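Undergrad: model06.cif is reproduced below (mmCIF, C-alpha atoms and all ligand atoms; chains and numbers go by the auth columns).
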```cif
data_start
#
loop_
_atom_site.group_PDB
_atom_site.id
_atom_site.type_symbol
_atom_site.label_atom_id
_atom_site.label_comp_id
_atom_site.label_asym_id
_atom_site.label_seq_id
_atom_site.Cartn_x
_atom_site.Cartn_y
_atom_site.Cartn_z
_atom_site.B_iso_or_equiv
_atom_site.auth_seq_id
_atom_site.auth_asym_id
ATOM 1 C CA MET A 1 70.943 96.682 110.635 0.00 1 A
ATOM 2 C CA ARG A 2 74.400 95.502 111.729 0.00 2 A
ATOM 3 C CA ALA A 3 76.425 98.665 111.253 0.00 3 A
ATOM 4 C CA PHE A 4 79.393 100.717 112.385 0.00 4 A
ATOM 5 C CA SER A 5 80.563 104.267 111.643 0.00 5 A
ATOM 6 C CA PHE A 6 83.584 105.221 109.561 0.00 6 A
ATOM 7 C CA ILE A 7 84.891 108.711 110.321 0.00 7 A
ATOM 8 C CA THR A 8 86.763 109.974 107.262 0.00 8 A
ATOM 9 C CA GLN A 9 86.707 112.741 104.684 0.00 9 A
ATOM 10 C CA ASN A 10 87.957 110.430 101.943 0.00 10 A
ATOM 11 C CA PRO A 11 85.066 108.953 99.877 0.00 11 A
ATOM 12 C CA GLY A 12 87.483 106.547 98.147 0.00 12 A
ATOM 13 C CA LYS A 13 88.243 104.869 101.468 0.00 13 A
ATOM 14 C CA VAL A 14 84.503 104.563 102.176 0.00 14 A
ATOM 15 C CA ALA A 15 83.776 102.894 98.818 0.00 15 A
ATOM 16 C CA GLU A 16 86.501 100.313 99.426 0.00 16 A
ATOM 17 C CA LEU A 17 85.472 99.523 103.003 0.00 17 A
ATOM 18 C CA GLN A 18 81.763 99.477 102.127 0.00 18 A
ATOM 19 C CA ALA A 19 82.352 96.720 99.568 0.00 19 A
ATOM 20 C CA LYS A 20 84.425 94.775 102.077 0.00 20 A
ATOM 21 C CA ALA A 21 81.866 95.225 104.886 0.00 21 A
ATOM 22 C CA HIS A 22 79.105 93.819 102.660 0.00 22 A
ATOM 23 C CA GLU A 23 81.095 90.584 102.341 0.00 23 A
ATOM 24 C CA PHE A 24 80.637 90.250 106.119 0.00 24 A
ATOM 25 C CA GLY A 25 76.955 91.292 106.093 0.00 25 A
ATOM 26 C CA LEU A 26 77.783 94.636 107.743 0.00 26 A
ATOM 27 C CA GLU A 27 76.912 98.235 106.777 0.00 27 A
ATOM 28 C CA ILE A 28 79.016 101.383 107.072 0.00 28 A
ATOM 29 C CA VAL A 29 77.569 104.687 108.226 0.00 29 A
ATOM 30 C CA HIS A 30 79.850 107.321 106.709 0.00 30 A
ATOM 31 C CA VAL A 31 80.600 110.188 109.123 0.00 31 A
ATOM 32 C CA ASN A 32 82.139 112.923 106.980 0.00 32 A
ATOM 33 C CA ALA A 33 84.135 114.627 109.730 0.00 33 A
ATOM 34 C CA SER A 34 87.761 115.422 110.439 0.00 34 A
ATOM 35 C CA TYR A 35 89.899 114.933 113.524 0.00 35 A
ATOM 36 C CA PRO A 36 93.322 116.344 114.379 0.00 36 A
ATOM 37 C CA GLU A 37 96.055 114.342 112.655 0.00 37 A
ATOM 38 C CA LEU A 38 99.163 114.187 114.787 0.00 38 A
ATOM 39 C CA GLN A 39 102.446 114.735 112.934 0.00 39 A
ATOM 40 C CA ALA A 40 104.015 111.469 114.038 0.00 40 A
ATOM 41 C CA ASP A 41 106.457 108.882 112.715 0.00 41 A
ATOM 42 C CA THR A 42 104.017 105.975 112.649 0.00 42 A
ATOM 43 C CA LEU A 43 100.463 105.386 111.438 0.00 43 A
ATOM 44 C CA GLU A 44 99.693 103.806 114.818 0.00 44 A
ATOM 45 C CA GLU A 45 100.455 107.008 116.723 0.00 45 A
ATOM 46 C CA VAL A 46 98.252 109.011 114.363 0.00 46 A
ATOM 47 C CA VAL A 47 95.401 106.517 114.807 0.00 47 A
ATOM 48 C CA ARG A 48 95.655 106.335 118.605 0.00 48 A
ATOM 49 C CA HIS A 49 95.624 110.120 118.848 0.00 49 A
ATOM 50 C CA GLY A 50 92.638 110.296 116.487 0.00 50 A
ATOM 51 C CA LEU A 51 90.726 107.662 118.472 0.00 51 A
ATOM 52 C CA SER A 52 91.226 109.571 121.735 0.00 52 A
ATOM 53 C CA TYR A 53 89.771 112.687 120.132 0.00 53 A
ATOM 54 C CA CYS A 54 86.875 110.918 118.383 0.00 54 A
ATOM 55 C CA LYS A 55 85.742 108.892 121.393 0.00 55 A
ATOM 56 C CA GLU A 56 84.649 112.139 123.094 0.00 56 A
ATOM 57 C CA LYS A 57 82.560 113.115 120.072 0.00 57 A
ATOM 58 C CA PHE A 58 81.135 110.001 118.410 0.00 58 A
ATOM 59 C CA PRO A 59 79.255 106.990 119.774 0.00 59 A
ATOM 60 C CA PRO A 60 80.762 103.490 119.445 0.00 60 A
ATOM 61 C CA LEU A 61 81.241 101.408 117.354 0.00 61 A
ATOM 62 C CA PHE A 62 83.351 103.541 115.009 0.00 62 A
ATOM 63 C CA ILE A 63 86.580 103.288 113.066 0.00 63 A
ATOM 64 C CA ILE A 64 89.141 105.669 111.636 0.00 64 A
ATOM 65 C CA GLU A 65 91.890 104.742 109.201 0.00 65 A
ATOM 66 C CA ASP A 66 95.330 106.191 108.553 0.00 66 A
ATOM 67 C CA SER A 67 97.327 105.033 105.581 0.00 67 A
ATOM 68 C CA GLY A 68 100.352 105.984 103.563 0.00 68 A
ATOM 69 C CA LEU A 69 102.859 105.218 100.864 0.00 69 A
ATOM 70 C CA PHE A 70 106.260 104.074 102.188 0.00 70 A
ATOM 71 C CA ILE A 71 109.133 104.399 99.707 0.00 71 A
ATOM 72 C CA ASP A 72 112.177 102.210 100.448 0.00 72 A
ATOM 73 C CA ASP A 73 114.724 104.602 98.853 0.00 73 A
ATOM 74 C CA LEU A 74 113.420 107.415 101.075 0.00 74 A
ATOM 75 C CA HIS A 75 113.574 105.301 104.267 0.00 75 A
ATOM 76 C CA GLY A 76 109.782 104.991 104.333 0.00 76 A
ATOM 77 C CA PHE A 77 108.948 108.622 103.527 0.00 77 A
ATOM 78 C CA PRO A 78 106.268 109.950 103.014 0.00 78 A
ATOM 79 C CA GLY A 79 104.543 107.302 105.227 0.00 79 A
ATOM 80 C CA PRO A 80 102.373 109.177 107.750 0.00 80 A
ATOM 81 C CA TYR A 81 103.018 112.392 105.792 0.00 81 A
ATOM 82 C CA SER A 82 101.455 110.989 102.596 0.00 82 A
ATOM 83 C CA SER A 83 98.454 113.265 102.602 0.00 83 A
ATOM 84 C CA TYR A 84 100.712 116.342 102.694 0.00 84 A
ATOM 85 C CA VAL A 85 103.014 115.032 99.949 0.00 85 A
ATOM 86 C CA ASN A 86 100.009 114.107 97.804 0.00 86 A
ATOM 87 C CA LYS A 87 98.615 117.629 98.147 0.00 87 A
ATOM 88 C CA THR A 88 101.950 119.389 97.523 0.00 88 A
ATOM 89 C CA ILE A 89 104.191 117.627 94.965 0.00 89 A
ATOM 90 C CA GLY A 90 101.505 115.145 93.841 0.00 90 A
ATOM 91 C CA ASN A 91 101.986 111.968 91.817 0.00 91 A
ATOM 92 C CA SER A 92 104.250 113.492 89.165 0.00 92 A
ATOM 93 C CA GLY A 93 106.448 114.986 91.881 0.00 93 A
ATOM 94 C CA VAL A 94 106.893 111.592 93.577 0.00 94 A
ATOM 95 C CA VAL A 95 107.843 109.877 90.296 0.00 95 A
ATOM 96 C CA LYS A 96 110.279 112.696 89.486 0.00 96 A
ATOM 97 C CA LEU A 97 111.804 112.473 92.963 0.00 97 A
ATOM 98 C CA ILE A 98 112.510 108.751 93.090 0.00 98 A
ATOM 99 C CA GLY A 99 112.277 107.501 89.504 0.00 99 A
ATOM 100 C CA GLU A 100 110.327 104.675 87.889 0.00 100 A
ATOM 101 C CA GLY A 101 110.446 101.092 89.097 0.00 101 A
ATOM 102 C CA ARG A 102 111.557 101.798 92.653 0.00 102 A
ATOM 103 C CA PRO A 103 110.014 99.613 95.397 0.00 103 A
ATOM 104 C CA ALA A 104 107.319 101.005 97.669 0.00 104 A
ATOM 105 C CA ARG A 105 104.534 99.760 99.866 0.00 105 A
ATOM 106 C CA PHE A 106 101.157 100.955 101.065 0.00 106 A
ATOM 107 C CA GLU A 107 100.295 100.486 104.714 0.00 107 A
ATOM 108 C CA SER A 108 96.973 100.886 106.483 0.00 108 A
ATOM 109 C CA ALA A 109 96.137 101.126 110.172 0.00 109 A
ATOM 110 C CA ILE A 110 92.476 100.891 111.139 0.00 110 A
ATOM 111 C CA GLY A 111 91.608 101.968 114.675 0.00 111 A
ATOM 112 C CA SER A 112 88.284 101.023 116.224 0.00 112 A
ATOM 113 C CA TYR A 113 86.595 102.143 119.401 0.00 113 A
ATOM 114 C CA CYS A 114 84.004 100.107 121.214 0.00 114 A
ATOM 115 C CA ARG A 115 84.818 99.655 124.896 0.00 115 A
ATOM 116 C CA ASP A 116 88.514 100.104 124.187 0.00 116 A
ATOM 117 C CA PHE A 117 90.818 100.850 121.261 0.00 117 A
ATOM 118 C CA LYS A 118 91.796 98.128 118.833 0.00 118 A
ATOM 119 C CA LEU A 119 94.202 98.441 115.914 0.00 119 A
ATOM 120 C CA PHE A 120 94.342 96.386 112.715 0.00 120 A
ATOM 121 C CA HIS A 121 97.098 96.507 110.099 0.00 121 A
ATOM 122 C CA GLY A 122 97.573 95.711 106.447 0.00 122 A
ATOM 123 C CA ARG A 123 100.299 96.248 103.841 0.00 123 A
ATOM 124 C CA VAL A 124 101.000 95.589 100.189 0.00 124 A
ATOM 125 C CA GLU A 125 104.320 95.724 98.321 0.00 125 A
ATOM 126 C CA GLY A 126 104.636 97.207 94.833 0.00 126 A
ATOM 127 C CA ARG A 127 106.630 99.739 92.846 0.00 127 A
ATOM 128 C CA ILE A 128 106.409 103.323 91.672 0.00 128 A
ATOM 129 C CA VAL A 129 105.647 103.876 87.964 0.00 129 A
ATOM 130 C CA SER A 130 104.543 106.765 85.736 0.00 130 A
ATOM 131 C CA SER A 131 100.862 107.550 86.143 0.00 131 A
ATOM 132 C CA ARG A 132 98.433 105.024 84.568 0.00 132 A
ATOM 133 C CA GLY A 133 94.680 104.548 85.055 0.00 133 A
ATOM 134 C CA HIS A 134 91.809 106.729 86.201 0.00 134 A
ATOM 135 C CA ARG A 135 90.183 104.847 89.066 0.00 135 A
ATOM 136 C CA GLY A 136 90.771 105.164 92.788 0.00 136 A
ATOM 137 C CA PHE A 137 92.379 108.119 94.524 0.00 137 A
ATOM 138 C CA GLY A 138 95.661 109.564 95.798 0.00 138 A
ATOM 139 C CA PHE A 139 98.747 107.608 94.717 0.00 139 A
ATOM 140 C CA ASP A 140 96.756 104.823 92.986 0.00 140 A
ATOM 141 C CA PRO A 141 97.889 105.794 89.427 0.00 141 A
ATOM 142 C CA ILE A 142 101.611 105.532 90.302 0.00 142 A
ATOM 143 C CA PHE A 143 101.498 102.366 92.459 0.00 143 A
ATOM 144 C CA GLU A 144 101.941 99.194 90.408 0.00 144 A
ATOM 145 C CA TYR A 145 101.195 95.704 91.680 0.00 145 A
ATOM 146 C CA GLU A 146 102.002 92.758 89.392 0.00 146 A
ATOM 147 C CA GLY A 147 101.805 94.739 86.153 0.00 147 A
ATOM 148 C CA ARG A 148 98.775 96.937 86.886 0.00 148 A
ATOM 149 C CA THR A 149 98.466 100.164 88.828 0.00 149 A
ATOM 150 C CA PHE A 150 95.817 100.407 91.523 0.00 150 A
ATOM 151 C CA ALA A 151 94.114 103.053 89.336 0.00 151 A
ATOM 152 C CA GLU A 152 93.733 100.418 86.592 0.00 152 A
ATOM 153 C CA MET A 153 91.810 98.128 88.971 0.00 153 A
ATOM 154 C CA THR A 154 88.158 98.083 89.951 0.00 154 A
ATOM 155 C CA VAL A 155 87.312 98.477 93.639 0.00 155 A
ATOM 156 C CA ALA A 156 86.783 94.709 93.819 0.00 156 A
ATOM 157 C CA GLU A 157 90.180 94.003 92.243 0.00 157 A
ATOM 158 C CA LYS A 158 91.979 96.452 94.525 0.00 158 A
ATOM 159 C CA ASN A 159 90.086 94.993 97.494 0.00 159 A
ATOM 160 C CA ALA A 160 91.398 91.525 96.704 0.00 160 A
ATOM 161 C CA LEU A 161 94.940 92.578 97.599 0.00 161 A
ATOM 162 C CA SER A 162 95.223 96.076 99.063 0.00 162 A
ATOM 163 C CA HIS A 163 96.669 97.232 102.381 0.00 163 A
ATOM 164 C CA ARG A 164 93.283 98.668 103.397 0.00 164 A
ATOM 165 C CA SER A 165 91.345 95.506 102.584 0.00 165 A
ATOM 166 C CA LYS A 166 93.783 93.383 104.629 0.00 166 A
ATOM 167 C CA ALA A 167 93.388 95.646 107.669 0.00 167 A
ATOM 168 C CA ALA A 168 89.622 95.799 107.032 0.00 168 A
ATOM 169 C CA GLU A 169 89.320 92.019 106.917 0.00 169 A
ATOM 170 C CA LEU A 170 90.938 91.698 110.353 0.00 170 A
ATOM 171 C CA PHE A 171 88.656 94.408 111.736 0.00 171 A
ATOM 172 C CA LEU A 172 85.530 92.948 110.115 0.00 172 A
ATOM 173 C CA GLU A 173 86.248 89.446 111.424 0.00 173 A
ATOM 174 C CA TRP A 174 86.438 90.873 114.927 0.00 174 A
ATOM 175 C CA ALA A 175 83.475 93.258 114.466 0.00 175 A
ATOM 176 C CA SER A 176 81.266 90.415 113.181 0.00 176 A
ATOM 177 C CA THR A 177 81.587 88.733 116.561 0.00 177 A
ATOM 178 C CA ILE A 178 80.339 91.758 118.527 0.00 178 A
ATOM 179 C CA ILE A 179 77.634 93.414 116.364 0.00 179 A
HETATM 180 P P1 LIG B . 90.958 110.879 106.264 0.00 1 B
HETATM 181 O O1 LIG B . 92.162 111.240 107.126 0.00 1 B
HETATM 182 O O2 LIG B . 89.827 111.869 106.375 0.00 1 B
HETATM 183 O O3 LIG B . 90.512 109.458 106.481 0.00 1 B
HETATM 184 P P2 LIG B . 92.831 111.259 104.046 0.00 1 B
HETATM 185 O O4 LIG B . 92.675 111.140 102.561 0.00 1 B
HETATM 186 O O5 LIG B . 93.384 112.545 104.600 0.00 1 B
HETATM 187 O O6 LIG B . 91.415 110.932 104.708 0.00 1 B
HETATM 188 P P3 LIG B . 95.060 109.890 105.321 0.00 1 B
HETATM 189 O O7 LIG B . 95.212 110.982 106.311 0.00 1 B
HETATM 190 O O8 LIG B . 95.081 108.469 105.807 0.00 1 B
HETATM 191 O O9 LIG B . 93.694 110.033 104.509 0.00 1 B
HETATM 192 O O10 LIG B . 96.139 110.131 104.204 0.00 1 B
HETATM 193 C C1 LIG B . 96.640 109.089 103.480 0.00 1 B
HETATM 194 C C2 LIG B . 97.108 109.599 102.129 0.00 1 B
HETATM 195 O O11 LIG B . 97.880 108.519 101.573 0.00 1 B
HETATM 196 C C3 LIG B . 95.935 109.848 101.181 0.00 1 B
HETATM 197 O O12 LIG B . 95.620 111.193 101.081 0.00 1 B
HETATM 198 C C4 LIG B . 96.466 109.290 99.862 0.00 1 B
HETATM 199 O O13 LIG B . 97.153 110.328 99.203 0.00 1 B
HETATM 200 C C5 LIG B . 97.470 108.227 100.280 0.00 1 B
HETATM 201 N N1 LIG B . 96.854 106.885 100.251 0.00 1 B
HETATM 202 C C6 LIG B . 96.508 106.098 101.300 0.00 1 B
HETATM 203 N N2 LIG B . 95.923 104.966 100.890 0.00 1 B
HETATM 204 C C7 LIG B . 95.875 105.048 99.552 0.00 1 B
HETATM 205 C C8 LIG B . 95.361 104.208 98.554 0.00 1 B
HETATM 206 O O14 LIG B . 94.723 103.080 98.841 0.00 1 B
HETATM 207 N N3 LIG B . 95.465 104.612 97.299 0.00 1 B
HETATM 208 C C9 LIG B . 96.082 105.751 96.980 0.00 1 B
HETATM 209 N N4 LIG B . 96.586 106.619 97.845 0.00 1 B
HETATM 210 C C10 LIG B . 96.478 106.270 99.136 0.00 1 B
#
```
Could you spell out this file's structure in structure tokens?
TA:
Amino acid sequence: MRAFSFITQNPGKVAELQAKAHEFGLEIVHVNASYPELQADTLEEVVRHGLSYCKEKFPPLFIIEDSGLFIDDLHGFPGPYSSYVNKTIGNSGVVKLIGEGRPARFESAIGSYCRDFKLFHGRVEGRIVSSRGHRGFGFDPIFEYEGRTFAEMTVAEKNALSHRSKAAELFLEWASTII
């Protein structure tokens, strides 16, 4: 089996990457573990710190992923602090804070460890709307892309355009050449 590990506690991320990996004939082994998440200004710093920790604990080839919602009006906040904002004020709090129709983007940074660290990035631009849809996770119901929220899309539809799938594609192209 051509496989790699994905260290994350978010099953939604696993479902999305699993579907993407299958397109490349690869399998994901889900490692449901946590690692210390640095409070940093960029996703890249969080990922590099996480990789350094994980490489002492898990065998290669593995990946971790850090992602976030970047709101233009808030100079990119919550960005790397998305998980905290999601847990505290939640989707309704974000909409209340910035209002409907304001531009935002999702970004994803995938970090892999084999013999060294490699980073892969993806982003998607959209806007914040009142909650719609029941699929996905996190900010999906309030992130609209061309008329539909991410929570109104199937995994396959979200994977055709999302930040995570773009980063995943770059990783999977590279991974396919070494496993
Ligand atoms: P792991 O760190 O264990 O992988 P996590 O859910 O804590 O899982 P992050 O630290 O990367 O993930 O936090 C990113 C947060 O940003 C996440 O909790 C969501 O609230 C939000 N987010 C990221 N990508 C998203 C997406 O595709 N759809 C909706 N919300 C997303």
Undergrad: Please return as a ChimeraX atom specification the residues found within 8 Å of ligand LIG 1 (chain B), counting all atoms listed in the file.
TA: /A:7-10,13,32-35,37,64-69,79-87,106-108,136-141,143,150,162-164
Undergrad: How would the residues just picked look written out with C-alpha atoms as a PDB file, in the coordinates of the input?
TA:
```
ATOM      1  CA  ILE A   7      84.891 108.711 110.321  1.00  0.00           C
ATOM      2  CA  THR A   8      86.763 109.974 107.262  1.00  0.00           C
ATOM      3  CA  GLN A   9      86.707 112.741 104.684  1.00  0.00           C
ATOM      4  CA  ASN A  10      87.957 110.430 101.943  1.00  0.00           C
ATOM      5  CA  LYS A  13      88.243 104.869 101.468  1.00  0.00           C
ATOM      6  CA  ASN A  32      82.139 112.923 106.980  1.00  0.00           C
ATOM      7  CA  ALA A  33      84.135 114.627 109.730  1.00  0.00           C
ATOM      8  CA  SER A  34      87.761 115.422 110.439  1.00  0.00           C
ATOM      9  CA  TYR A  35      89.899 114.933 113.524  1.00  0.00           C
ATOM     10  CA  GLU A  37      96.055 114.342 112.655  1.00  0.00           C
ATOM     11  CA  ILE A  64      89.141 105.669 111.636  1.00  0.00           C
ATOM     12  CA  GLU A  65      91.890 104.742 109.201  1.00  0.00           C
ATOM     13  CA  ASP A  66      95.330 106.191 108.553  1.00  0.00           C
ATOM     14  CA  SER A  67      97.327 105.033 105.581  1.00  0.00           C
ATOM     15  CA  GLY A  68     100.352 105.984 103.563  1.00  0.00           C
ATOM     16  CA  LEU A  69     102.859 105.218 100.864  1.00  0.00           C
ATOM     17  CA  GLY A  79     104.543 107.302 105.227  1.00  0.00           C
ATOM     18  CA  PRO A  80     102.373 109.177 107.750  1.00  0.00           C
ATOM     19  CA  TYR A  81     103.018 112.392 105.792  1.00  0.00           C
ATOM     20  CA  SER A  82     101.455 110.989 102.596  1.00  0.00           C
ATOM     21  CA  SER A  83      98.454 113.265 102.602  1.00  0.00           C
ATOM     22  CA  TYR A  84     100.712 116.342 102.694  1.00  0.00           C
ATOM     23  CA  VAL A  85     103.014 115.032  99.949  1.00  0.00           C
ATOM     24  CA  ASN A  86     100.009 114.107  97.804  1.00  0.00           C
ATOM     25  CA  LYS A  87      98.615 117.629  98.147  1.00  0.00           C
ATOM     26  CA  PHE A 106     101.157 100.955 101.065  1.00  0.00           C
ATOM     27  CA  GLU A 107     100.295 100.486 104.714  1.00  0.00           C
ATOM     28  CA  SER A 108      96.973 100.886 106.483  1.00  0.00           C
ATOM     29  CA  GLY A 136      90.771 105.164  92.788  1.00  0.00           C
ATOM     30  CA  PHE A 137      92.379 108.119  94.524  1.00  0.00           C
ATOM     31  CA  GLY A 138      95.661 109.564  95.798  1.00  0.00           C
ATOM     32  CA  PHE A 139      98.747 107.608  94.717  1.00  0.00           C
ATOM     33  CA  ASP A 140      96.756 104.823  92.986  1.00  0.00           C
ATOM     34  CA  PRO A 141      97.889 105.794  89.427  1.00  0.00           C
ATOM     35  CA  PHE A 143     101.498 102.366  92.459  1.00  0.00           C
ATOM     36  CA  PHE A 150      95.817 100.407  91.523  1.00  0.00           C
ATOM     37  CA  SER A 162      95.223  96.076  99.063  1.00  0.00           C
ATOM     38  CA  HIS A 163      96.669  97.232 102.381  1.00  0.00           C
ATOM     39  CA  ARG A 164      93.283  98.668 103.397  1.00  0.00           C
TER      40      ARG A 164
END
```
Undergrad: Using the chain letters and numbering of this document, enumerate as JSON, numbers by chain the residues selected by the PyMOL selection byres (((chain A and resi 59) around 10) and not hetatm).
TA: {"A": [4, 5, 54, 55, 56, 57, 58, 60, 61, 62, 113, 114]}
Undergrad: One decimal, in Å: what's the spacing between CA of Ser52 in chain A and CA of Phe117 in chain A?
TA: 8.7 Å
Undergrad: Expanded to explicit residues, what is the PyMOL selection byres (((chain A and resi 15-17) around 10) and not hetatm) for this file, as an MDAnalysis selection string?
TA: chainID A and resid 6 10:14 18:23 27:28 30 136 154:156 158:159 162 164:165 167:169 172
Undergrad: May I have the protein, DNA and RNA residues with any atom at most 7 Å from the point (94.2, 97.6, 113.3), counting all atoms listed in the file, written as a list in words?
TA: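 Checked against the point, the hits come out as Ala109, Ile110, Gly111, Lys118, Leu119, Phe120, His121, Ala167 and Phe171 of chain A.
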Undergrad: Could you turn the residues from that selection into a file that holds C-alpha atoms, as a PDB file, in the coordinates of the input?
TA:
```
ATOM      1  CA  ALA A 109      96.137 101.126 110.172  1.00  0.00           C
ATOM      2  CA  ILE A 110      92.476 100.891 111.139  1.00  0.00           C
ATOM      3  CA  GLY A 111      91.608 101.968 114.675  1.00  0.00           C
ATOM      4  CA  LYS A 118      91.796  98.128 118.833  1.00  0.00           C
ATOM      5  CA  LEU A 119      94.202  98.441 115.914  1.00  0.00           C
ATOM      6  CA  PHE A 120      94.342  96.386 112.715  1.00  0.00           C
ATOM      7  CA  HIS A 121      97.098  96.507 110.099  1.00  0.00           C
ATOM      8  CA  ALA A 167      93.388  95.646 107.669  1.00  0.00           C
ATOM      9  CA  PHE A 171      88.656  94.408 111.736  1.00  0.00           C
TER      10      PHE A 171
END
```
Undergrad: Report, in Å with one decimal, the straight-line distance from CA of Val29 in chain A to CA of Ser176 in chain A.
TA: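 So the two atoms, CA of Val29 in chain A and CA of Ser176 in chain A, lie 15.6 Å apart.
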Undergrad: Using the file's own x, y and z axes, so that the box edges lie along x, y and z, what centre and edge lengths in Å (one decimal) does a box around every listed atom of range 40-50 of chain A get when 4 Å is added on each side? Give it as AutoDock Vina command-line options.
TA:
```
--center_x 99.5 --center_y 107.6 --center_z 115.1 --size_x 21.8 --size_y 15.7 --size_z 15.4
```
Undergrad: Using all atoms listed in the file, can you tell me which of A:Lys166, A:Val95, A:Asp116, A:Thr177 comes closest to Ile142 in chain A?
TA: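 So, comparing all the options, the nearest one is A:Val95.
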Undergrad: Expressed in Å to a single decimal, how great is the separation between CA of Ser112 in chain A and CA of Arg48 in chain A?
TA: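 Those two atoms sit 9.4 Å apart.
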Undergrad: Could you tell me which residues the PyMOL selection byres (((chain A and resi 145) around 9) and not hetatm) grabs in this file, written as a PyMOL selection string?
TA: chain A and resi 124-127+143-144+146-150
Undergrad: Point out the residue among A:Arg105, A:Thr42, A:Ala151, A:Ala175 with the least atom-to-atom distance to Phe70 in chain A, counting all atoms listed in the file.
TA: A:Arg105
Undergrad: Between A:Arg115, A:Ile128, A:Arg102, A:Pro36, which is the closest to Ile178 in chain A once you count only C-alpha atoms?
TA: A:Arg115
Undergrad: Of the candidates A:Gly25, A:Gly90, A:Ala104, A:Gly99, which shows the shortest atom-to-atom distance to Gly76 in chain A, using all atoms listed in the file?
TA: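 Comparing A:Gly25, A:Gly90, A:Ala104, A:Gly99 against Gly76 in chain A, the winner is A:Ala104.
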